[in-house]
Amino acid sequence: MRVGSFVLAAQFPGQGEGEALHRAVRSAEVAEESGLDTVWLAEHHFVPYGTCPSAITLAALLLGRTRRIRVGTAVSVLPTVHPVALGEQAALLHHTSGGRFTLGVGRGGPWVDLEVFGAGLEAYEKGFPESLDVLRRWLREPSVAADGERFTFREVPVVPRPSEALTEAAGPELVVACTSPASVRLAAERGLSMLLGMHVGDEEKAEMVALWRQHARASGRPAEEIHRASHVSAGVCQIADRRADAAETLMKAMPGWLKQGLEAHVTVDGRTRRMRDPLAYTELLCGLHPVGTPRLCADRLAATSERTGISRFALLVEGSGDLAATEENVRRLGAEVLPQLV
């Protein structure tokens with residue numbers, strides 16, 4: 001089992017953006033010190049829900065500050081960037097980090113980001129598969145050309161070639177955030193592992209893994225590839241000597257952050273959207289994920305792995321909103337939970 005942290009650089013009420021980013025960087029450094037497997041970095045634009053606008057840029061910083069831990073994006077929002085530009089950056093990080101970088105990509109939402117970056121709503125609604133395929137080819141082939149609806153360019157060499165890295169012949173790992181049957185099928189047909197969100201529980205994640213395997217087999221993916229697929233489950237982790245104390249920490253801090261963060265999203269076309277109730281959502285997360293004593297947290301991670309077949313976890317550890325508490329949470333995860341999962 002491979003347990004990592006999920007870093008949003010969340011800006012809690014009363015905090016500045018610099019404080020949120022400092023906590024994000026420091027928690028990643030402590031994650032390496034504590035023996036965690038990966039730091040997963042989220043990306044958001046124009047909202048305090050997460051103050052990191054470029055997960056791949058923050059990944060570069062953290063790869064330079066660390067020596068062992070893997071760093072992944074969860075996710076880089078593909079519709080708002082050119083897939084070749086993102087592929088070049090991923091290749092650069094793959095080479096210079098000794099193969100410690102994972103590129104996670106997702107479709108994002110129908111937000112005003114699409115207007116600001118000139119992508120347009122169609123890039124979100126229809127363009128994700130084309131962007132993903134251009135990106136996949138860039139990470140795997142010596143040269144790439146495109147003749148699609150969104151991207152058309154002559155054949156050009158891939159420099160630097162990710163596949164030439166000495167540590168991983170296949171280039172950087174590529175995973176896809178999946179939130180619907182359509183995105184599960186998209187990932188499965190391409191043999192790409194999934195990143196599953198923290199808003200769904202074990203039963204739904206198990207169904208998505210089963211659906212992925214079904215589509216992967218139907219599309220002719222090799223049996224060995226299907227067997228070794230390593231999906232990632234996002235969740236929340238808060239550790240305390242009593243479960244009530246861990247839940248109380250999150251119930252005091254997270255609803256305020258969720259309210260101001262989620263309310264700040266603006267749709268690009270004025271469509272009506274329904275926001276989750278922050279208090280109910282926090283309660284849901286406390287019930288779904290490892291929130292409690294070290295023993296409870298270890299048992300819950302083991303149970304999720306057994307029920308879903310998922311062996312990798314990206315756990316939000318900054319739910320208290322406090323730097324010192326976040327550091328302690330990460331250290332306890334490494335010292336008191338991980339040893340119980342061996």
# chains A, B, ... in the order shown; residues from 1 in each chain; ligands from 1
>>> residues_around(residues="stretch 33-36 of chain A", least_positions_apart="5", cutoff="8 Å", atoms="only C-alpha atoms", output="PyMOL selection string")
chain A and resi 2-5+69+330-331+333-335
>>> write_last_selection(atoms="N, CA, C and O atoms", output="compact mmCIF listing (two decimals), in the first residue's frame")
# COMPACT_ATOMS: atom_id res chain seq x y z
N ARG A 2 0.51 2.21 -0.81
CA ARG A 2 1.30 3.44 -0.95
C ARG A 2 0.43 4.63 -0.53
O ARG A 2 -0.57 4.94 -1.19
N VAL A 3 0.82 5.27 0.57
CA VAL A 3 0.02 6.36 1.14
C VAL A 3 0.74 7.68 0.95
O VAL A 3 1.92 7.83 1.30
N GLY A 4 0.02 8.64 0.38
CA GLY A 4 0.58 9.96 0.15
C GLY A 4 -0.35 11.04 0.66
O GLY A 4 -1.48 10.78 1.07
N SER A 5 0.11 12.28 0.62
CA SER A 5 -0.71 13.41 1.03
C SER A 5 -1.29 14.10 -0.21
O SER A 5 -0.74 14.02 -1.30
N ILE A 69 10.72 11.27 -2.15
CA ILE A 69 9.28 11.17 -2.33
C ILE A 69 8.88 11.47 -3.77
O ILE A 69 9.49 12.29 -4.46
N VAL A 330 0.70 14.98 9.69
CA VAL A 330 1.52 14.24 8.73
C VAL A 330 2.50 13.33 9.45
O VAL A 330 2.70 12.16 9.07
N ARG A 331 3.13 13.85 10.50
CA ARG A 331 4.10 13.04 11.25
C ARG A 331 3.43 11.83 11.90
O ARG A 331 3.99 10.72 11.91
N LEU A 333 0.73 10.36 10.81
CA LEU A 333 0.39 9.45 9.71
C LEU A 333 1.58 8.56 9.38
O LEU A 333 1.44 7.34 9.20
N GLY A 334 2.77 9.16 9.33
CA GLY A 334 3.95 8.39 9.00
C GLY A 334 4.41 7.48 10.13
O GLY A 334 4.80 6.33 9.89
N ALA A 335 4.34 7.95 11.37
CA ALA A 335 4.90 7.21 12.50
C ALA A 335 3.94 6.21 13.12
O ALA A 335 4.37 5.16 13.62
>>> residues_around(residues="A:Thr80", least_positions_apart="2", cutoff="12 Å", atoms="only C-alpha atoms", output="ChimeraX atom specification")
/A:43-45,53-54,76-78,82-83,85-86,105-124,127-128,131
>>> write_last_selection(atoms="N, CA and C atoms", output="tab-separated table (two decimals), in the first residue's frame")
chain	number	residue	atom	x	y	z
A	43	GLU	N	-4.75	21.92	-8.33
A	43	GLU	CA	-4.63	23.15	-9.12
A	43	GLU	C	-5.99	23.81	-9.22
A	44	HIS	N	-6.05	25.10	-8.87
A	44	HIS	CA	-7.29	25.87	-8.98
A	44	HIS	C	-6.96	27.29	-9.42
A	45	HIS	N	-7.95	27.96	-10.01
A	45	HIS	CA	-7.76	29.33	-10.48
A	45	HIS	C	-8.83	30.24	-9.89
A	53	PRO	N	-2.18	27.83	-8.58
A	53	PRO	CA	-2.73	27.91	-9.93
A	53	PRO	C	-2.00	27.02	-10.93
A	54	SER	N	-0.87	26.45	-10.54
A	54	SER	CA	-0.10	25.59	-11.45
A	54	SER	C	0.51	24.45	-10.66
A	76	SER	N	-3.50	18.52	-13.03
A	76	SER	CA	-3.32	19.60	-13.99
A	76	SER	C	-4.57	19.63	-14.87
A	77	VAL	N	-5.19	20.80	-14.99
A	77	VAL	CA	-6.46	20.92	-15.72
A	77	VAL	C	-6.18	21.02	-17.21
A	78	LEU	N	-6.45	19.96	-17.93
A	78	LEU	CA	-6.00	19.84	-19.30
A	78	LEU	C	-6.71	20.79	-20.29
A	82	HIS	N	-2.19	23.87	-23.36
A	82	HIS	CA	-1.86	23.10	-24.56
A	82	HIS	C	-1.21	21.79	-24.12
A	83	PRO	N	-1.67	20.65	-24.61
A	83	PRO	CA	-1.11	19.37	-24.15
A	83	PRO	C	0.37	19.21	-24.45
A	85	ALA	N	2.63	21.69	-24.41
A	85	ALA	CA	3.34	22.47	-23.38
A	85	ALA	C	3.38	21.71	-22.07
A	86	LEU	N	2.26	21.10	-21.70
A	86	LEU	CA	2.22	20.32	-20.46
A	86	LEU	C	3.11	19.09	-20.58
A	105	VAL	N	-4.01	14.34	-14.76
A	105	VAL	CA	-4.76	15.34	-15.52
A	105	VAL	C	-6.25	15.13	-15.31
A	106	GLY	N	-7.00	16.21	-15.50
A	106	GLY	CA	-8.44	16.13	-15.37
A	106	GLY	C	-9.13	17.14	-16.26
A	107	ARG	N	-10.43	16.99	-16.34
A	107	ARG	CA	-11.24	17.85	-17.21
A	107	ARG	C	-11.59	19.18	-16.56
A	108	GLY	N	-11.52	19.23	-15.24
A	108	GLY	CA	-11.88	20.47	-14.56
A	108	GLY	C	-13.38	20.69	-14.57
A	109	GLY	N	-13.77	21.96	-14.54
A	109	GLY	CA	-15.20	22.29	-14.52
A	109	GLY	C	-15.52	23.38	-15.53
A	110	PRO	N	-16.80	23.74	-15.64
A	110	PRO	CA	-17.23	24.77	-16.61
A	110	PRO	C	-17.00	26.17	-16.07
A	111	TRP	N	-15.79	26.41	-15.56
A	111	TRP	CA	-15.54	27.65	-14.85
A	111	TRP	C	-15.05	28.76	-15.77
A	112	VAL	N	-14.98	29.95	-15.21
A	112	VAL	CA	-14.55	31.13	-15.97
A	112	VAL	C	-13.10	30.99	-16.44
A	113	ASP	N	-12.37	30.05	-15.88
A	113	ASP	CA	-11.01	29.75	-16.35
A	113	ASP	C	-10.97	29.57	-17.86
A	114	LEU	N	-11.99	28.92	-18.39
A	114	LEU	CA	-12.04	28.63	-19.83
A	114	LEU	C	-12.08	29.92	-20.65
A	115	GLU	N	-12.72	30.94	-20.11
A	115	GLU	CA	-12.78	32.24	-20.79
A	115	GLU	C	-11.45	32.98	-20.66
A	116	VAL	N	-10.91	32.99	-19.46
A	116	VAL	CA	-9.69	33.74	-19.20
A	116	VAL	C	-8.53	33.21	-20.03
A	117	PHE	N	-8.41	31.88	-20.13
A	117	PHE	CA	-7.29	31.29	-20.84
A	117	PHE	C	-7.58	31.05	-22.32
A	118	GLY	N	-8.75	31.48	-22.78
A	118	GLY	CA	-9.06	31.42	-24.20
A	118	GLY	C	-9.39	30.03	-24.73
A	119	ALA	N	-9.67	29.09	-23.83
A	119	ALA	CA	-9.95	27.73	-24.28
A	119	ALA	C	-11.38	27.59	-24.80
A	120	GLY	N	-12.32	28.24	-24.15
A	120	GLY	CA	-13.71	28.14	-24.56
A	120	GLY	C	-14.40	26.94	-23.95
A	121	LEU	N	-15.72	27.02	-23.87
A	121	LEU	CA	-16.52	25.96	-23.24
A	121	LEU	C	-16.39	24.63	-23.97
A	122	GLU	N	-16.18	24.66	-25.27
A	122	GLU	CA	-16.09	23.42	-26.04
A	122	GLU	C	-14.88	22.59	-25.63
A	123	ALA	N	-13.81	23.27	-25.20
A	123	ALA	CA	-12.63	22.52	-24.74
A	123	ALA	C	-12.97	21.67	-23.52
A	124	TYR	N	-13.88	22.15	-22.69
A	124	TYR	CA	-14.33	21.41	-21.52
A	124	TYR	C	-15.35	20.35	-21.89
A	127	GLY	N	-13.52	18.62	-25.81
A	127	GLY	CA	-12.14	18.55	-26.24
A	127	GLY	C	-11.20	17.72	-25.40
A	128	PHE	N	-11.66	17.21	-24.24
A	128	PHE	CA	-10.74	16.51	-23.34
A	128	PHE	C	-10.11	15.26	-23.97
A	131	SER	N	-7.26	16.29	-26.35
A	131	SER	CA	-6.12	16.80	-25.61
A	131	SER	C	-5.35	15.68	-24.93
>>> residues_around(residues="A:Gln214", least_positions_apart="2", cutoff="12 Å", atoms="only C-alpha atoms", output="list in words")
Pro181, Val184, Arg185, Ala187, Ala188, Glu189, Gly191, Glu207, Met208, Val209, Ala210, Leu211, Trp212, Ala216, Arg217, Ala218, Ser219, Gly220, Arg221, Ala223, Ile226 and His227 of chain A
>>> write_last_selection(atoms="N, CA and C atoms", output="PDB file, in the first residue's frame")
ATOM      1  N   PRO A 181     -18.985   7.613 -15.535  1.00  0.00           N
ATOM      2  CA  PRO A 181     -18.745   6.429 -16.367  1.00  0.00           C
ATOM      3  C   PRO A 181     -18.013   6.761 -17.666  1.00  0.00           C
ATOM      4  N   VAL A 184     -14.331   7.161 -16.857  1.00  0.00           N
ATOM      5  CA  VAL A 184     -13.776   5.842 -16.547  1.00  0.00           C
ATOM      6  C   VAL A 184     -13.477   5.091 -17.836  1.00  0.00           C
ATOM      7  N   ARG A 185     -14.404   5.135 -18.765  1.00  0.00           N
ATOM      8  CA  ARG A 185     -14.201   4.457 -20.048  1.00  0.00           C
ATOM      9  C   ARG A 185     -13.028   5.076 -20.804  1.00  0.00           C
ATOM     10  N   ALA A 187     -10.355   6.545 -19.631  1.00  0.00           N
ATOM     11  CA  ALA A 187      -9.098   6.105 -19.040  1.00  0.00           C
ATOM     12  C   ALA A 187      -8.828   4.638 -19.340  1.00  0.00           C
ATOM     13  N   ALA A 188      -9.850   3.810 -19.240  1.00  0.00           N
ATOM     14  CA  ALA A 188      -9.677   2.366 -19.431  1.00  0.00           C
ATOM     15  C   ALA A 188      -9.246   2.031 -20.856  1.00  0.00           C
ATOM     16  N   GLU A 189      -9.865   2.678 -21.820  1.00  0.00           N
ATOM     17  CA  GLU A 189      -9.530   2.377 -23.220  1.00  0.00           C
ATOM     18  C   GLU A 189      -8.090   2.739 -23.548  1.00  0.00           C
ATOM     19  N   GLY A 191      -5.688   2.554 -21.137  1.00  0.00           N
ATOM     20  CA  GLY A 191      -4.837   1.861 -20.180  1.00  0.00           C
ATOM     21  C   GLY A 191      -4.250   2.762 -19.115  1.00  0.00           C
ATOM     22  N   GLU A 207     -17.148   0.063  -7.743  1.00  0.00           N
ATOM     23  CA  GLU A 207     -17.905  -0.023  -8.999  1.00  0.00           C
ATOM     24  C   GLU A 207     -17.131   0.612 -10.149  1.00  0.00           C
ATOM     25  N   MET A 208     -16.456   1.727  -9.877  1.00  0.00           N
ATOM     26  CA  MET A 208     -15.691   2.399 -10.924  1.00  0.00           C
ATOM     27  C   MET A 208     -14.479   1.570 -11.345  1.00  0.00           C
ATOM     28  N   VAL A 209     -13.834   0.912 -10.381  1.00  0.00           N
ATOM     29  CA  VAL A 209     -12.706   0.042 -10.707  1.00  0.00           C
ATOM     30  C   VAL A 209     -13.182  -1.134 -11.550  1.00  0.00           C
ATOM     31  N   ALA A 210     -14.327  -1.727 -11.176  1.00  0.00           N
ATOM     32  CA  ALA A 210     -14.873  -2.838 -11.957  1.00  0.00           C
ATOM     33  C   ALA A 210     -15.233  -2.390 -13.368  1.00  0.00           C
ATOM     34  N   LEU A 211     -15.821  -1.199 -13.494  1.00  0.00           N
ATOM     35  CA  LEU A 211     -16.177  -0.674 -14.810  1.00  0.00           C
ATOM     36  C   LEU A 211     -14.922  -0.420 -15.636  1.00  0.00           C
ATOM     37  N   TRP A 212     -13.873   0.101 -15.002  1.00  0.00           N
ATOM     38  CA  TRP A 212     -12.605   0.327 -15.698  1.00  0.00           C
ATOM     39  C   TRP A 212     -12.070  -0.976 -16.274  1.00  0.00           C
ATOM     40  N   ALA A 216     -11.518  -1.846 -20.149  1.00  0.00           N
ATOM     41  CA  ALA A 216     -10.147  -2.148 -20.564  1.00  0.00           C
ATOM     42  C   ALA A 216     -10.084  -3.485 -21.301  1.00  0.00           C
ATOM     43  N   ARG A 217     -10.786  -4.493 -20.775  1.00  0.00           N
ATOM     44  CA  ARG A 217     -10.821  -5.792 -21.457  1.00  0.00           C
ATOM     45  C   ARG A 217     -11.503  -5.686 -22.807  1.00  0.00           C
ATOM     46  N   ALA A 218     -12.616  -4.966 -22.847  1.00  0.00           N
ATOM     47  CA  ALA A 218     -13.379  -4.839 -24.088  1.00  0.00           C
ATOM     48  C   ALA A 218     -12.596  -4.117 -25.173  1.00  0.00           C
ATOM     49  N   SER A 219     -11.717  -3.210 -24.777  1.00  0.00           N
ATOM     50  CA  SER A 219     -10.922  -2.462 -25.763  1.00  0.00           C
ATOM     51  C   SER A 219      -9.627  -3.172 -26.136  1.00  0.00           C
ATOM     52  N   GLY A 220      -9.404  -4.358 -25.564  1.00  0.00           N
ATOM     53  CA  GLY A 220      -8.244  -5.155 -25.939  1.00  0.00           C
ATOM     54  C   GLY A 220      -6.964  -4.825 -25.210  1.00  0.00           C
ATOM     55  N   ARG A 221      -7.064  -4.158 -24.054  1.00  0.00           N
ATOM     56  CA  ARG A 221      -5.848  -3.891 -23.294  1.00  0.00           C
ATOM     57  C   ARG A 221      -5.271  -5.215 -22.785  1.00  0.00           C
ATOM     58  N   ALA A 223      -3.896  -8.233 -20.585  1.00  0.00           N
ATOM     59  CA  ALA A 223      -4.310  -8.694 -19.253  1.00  0.00           C
ATOM     60  C   ALA A 223      -3.320  -8.257 -18.179  1.00  0.00           C
ATOM     61  N   ILE A 226      -3.892  -4.620 -17.291  1.00  0.00           N
ATOM     62  CA  ILE A 226      -5.095  -4.454 -16.475  1.00  0.00           C
ATOM     63  C   ILE A 226      -4.809  -4.857 -15.033  1.00  0.00           C
ATOM     64  N   HIS A 227      -4.080  -5.936 -14.869  1.00  0.00           N
ATOM     65  CA  HIS A 227      -3.785  -6.444 -13.531  1.00  0.00           C
ATOM     66  C   HIS A 227      -2.903  -5.485 -12.733  1.00  0.00           C
TER      67      HIS A 227
END
>>> atom_distance(atom1="atom CA of A:Arg68", atom2="atom CA of A:Arg26")
15.6 Å
>>> residues_around(residues="A:Cys52", least_positions_apart="6", cutoff="10 Å", atoms="only C-alpha atoms", output="VMD selection string")
chain A and resid 7 to 10 17 20 to 21 24 41 to 46 58
>>> atom_distance(atom1="atom CA of A:Asp299", atom2="atom CA of A:Gly50")
29.4 Å
>>> closest_residue(among="A:Leu192, A:Ala91, A:Val176, A:Val81", to="A:Phe151", atoms="only C-alpha atoms")
A:Val81
>>> select_by_dssp(residues="stretch 111-341 of chain A", states="alpha helix (DSSP H)", output="count of residues only")
111
>>> closest_atom_pairs(of="stretch 180-216 of chain A", to="stretch 282-297 of chain A", cutoff="10 Å", atoms="only C-alpha atoms", output="tab-separated table")
residue	atom	partner	partner_atom	distance
A:Met198	CA	A:Leu285	CA	7.4
A:His199	CA	A:Leu285	CA	7.0
A:Val200	CA	A:Leu288	CA	7.9
A:Gly201	CA	A:Leu288	CA	5.9
A:Asp202	CA	A:Leu288	CA	7.9
>>> closest_residue(among="A:Thr249, A:Ser180, A:Gln89, A:Ser233", to="A:Trp138", atoms="only C-alpha atoms")
A:Gln89
>>> residues_around(residues="A:Leu139", least_positions_apart="2", cutoff="10 Å", atoms="only C-alpha atoms", output="list in words")
Val84, Leu86, Gly87, Glu88, Ala90, Ala91, Asp133, Val134, Leu135, Arg136, Arg137, Glu141, Pro142, Ser143, Val144, Val158, Pro160, Arg161, Pro162, Ser163, Ala170, Gly171, Pro172, Glu173 and Leu174 of chain A
>>> atom_distance(atom1="atom CA of A:Gly319", atom2="atom CA of A:Ala244")
14.9 Å
>>> residues_around(residues="A:Phe12", least_positions_apart="6", cutoff="12 Å", atoms="only C-alpha atoms", output="PyMOL selection string")
chain A and resi 18-21+23+47-51+250+252-262+318-323
>>> write_last_selection(atoms="C-alpha atoms", output="PDB file, in the first residue's frame")
ATOM      1  CA  GLY A  18       1.057  33.252   1.240  1.00  0.00           C
ATOM      2  CA  GLU A  19       0.185  31.457   4.468  1.00  0.00           C
ATOM      3  CA  ALA A  20      -1.735  28.794   2.550  1.00  0.00           C
ATOM      4  CA  LEU A  21       1.120  28.255   0.101  1.00  0.00           C
ATOM      5  CA  ARG A  23       1.685  25.443   4.658  1.00  0.00           C
ATOM      6  CA  VAL A  47     -10.693  30.784  -5.834  1.00  0.00           C
ATOM      7  CA  PRO A  48      -9.490  30.383  -2.219  1.00  0.00           C
ATOM      8  CA  TYR A  49     -10.540  26.708  -2.288  1.00  0.00           C
ATOM      9  CA  GLY A  50      -6.972  26.150  -3.480  1.00  0.00           C
ATOM     10  CA  THR A  51      -4.353  28.847  -4.022  1.00  0.00           C
ATOM     11  CA  LEU A 250     -12.298  19.107  10.898  1.00  0.00           C
ATOM     12  CA  LYS A 252     -14.493  23.444  13.237  1.00  0.00           C
ATOM     13  CA  ALA A 253     -12.261  24.364  10.301  1.00  0.00           C
ATOM     14  CA  MET A 254     -13.404  22.779   7.056  1.00  0.00           C
ATOM     15  CA  PRO A 255     -16.972  24.134   6.654  1.00  0.00           C
ATOM     16  CA  GLY A 256     -15.750  27.746   6.624  1.00  0.00           C
ATOM     17  CA  TRP A 257     -13.072  26.936   4.059  1.00  0.00           C
ATOM     18  CA  LEU A 258     -15.501  24.948   1.892  1.00  0.00           C
ATOM     19  CA  LYS A 259     -18.133  27.695   2.015  1.00  0.00           C
ATOM     20  CA  GLN A 260     -15.855  30.529   0.921  1.00  0.00           C
ATOM     21  CA  GLY A 261     -13.952  28.323  -1.518  1.00  0.00           C
ATOM     22  CA  LEU A 262     -16.856  26.675  -3.301  1.00  0.00           C
ATOM     23  CA  GLU A 318      -4.445  20.134   5.985  1.00  0.00           C
ATOM     24  CA  GLY A 319      -8.074  20.013   7.114  1.00  0.00           C
ATOM     25  CA  SER A 320      -7.292  21.809  10.372  1.00  0.00           C
ATOM     26  CA  GLY A 321      -6.109  24.865   8.440  1.00  0.00           C
ATOM     27  CA  ASP A 322      -3.239  25.262  10.898  1.00  0.00           C
ATOM     28  CA  LEU A 323       0.427  24.777   9.987  1.00  0.00           C
TER      29      LEU A 323
END
>>> select_by_dssp(residues="stretch 7-171 of chain A", states="strand (DSSP E or B)", output="PyMOL selection string")
chain A and resi 7+38-41+70-73+76-77+101-106+111+143-147+152-157
>>> closest_residue(among="A:Arg312, A:Arg273, A:Tyr281, A:Val266", to="A:Asp37", atoms="only C-alpha atoms")
A:Arg312
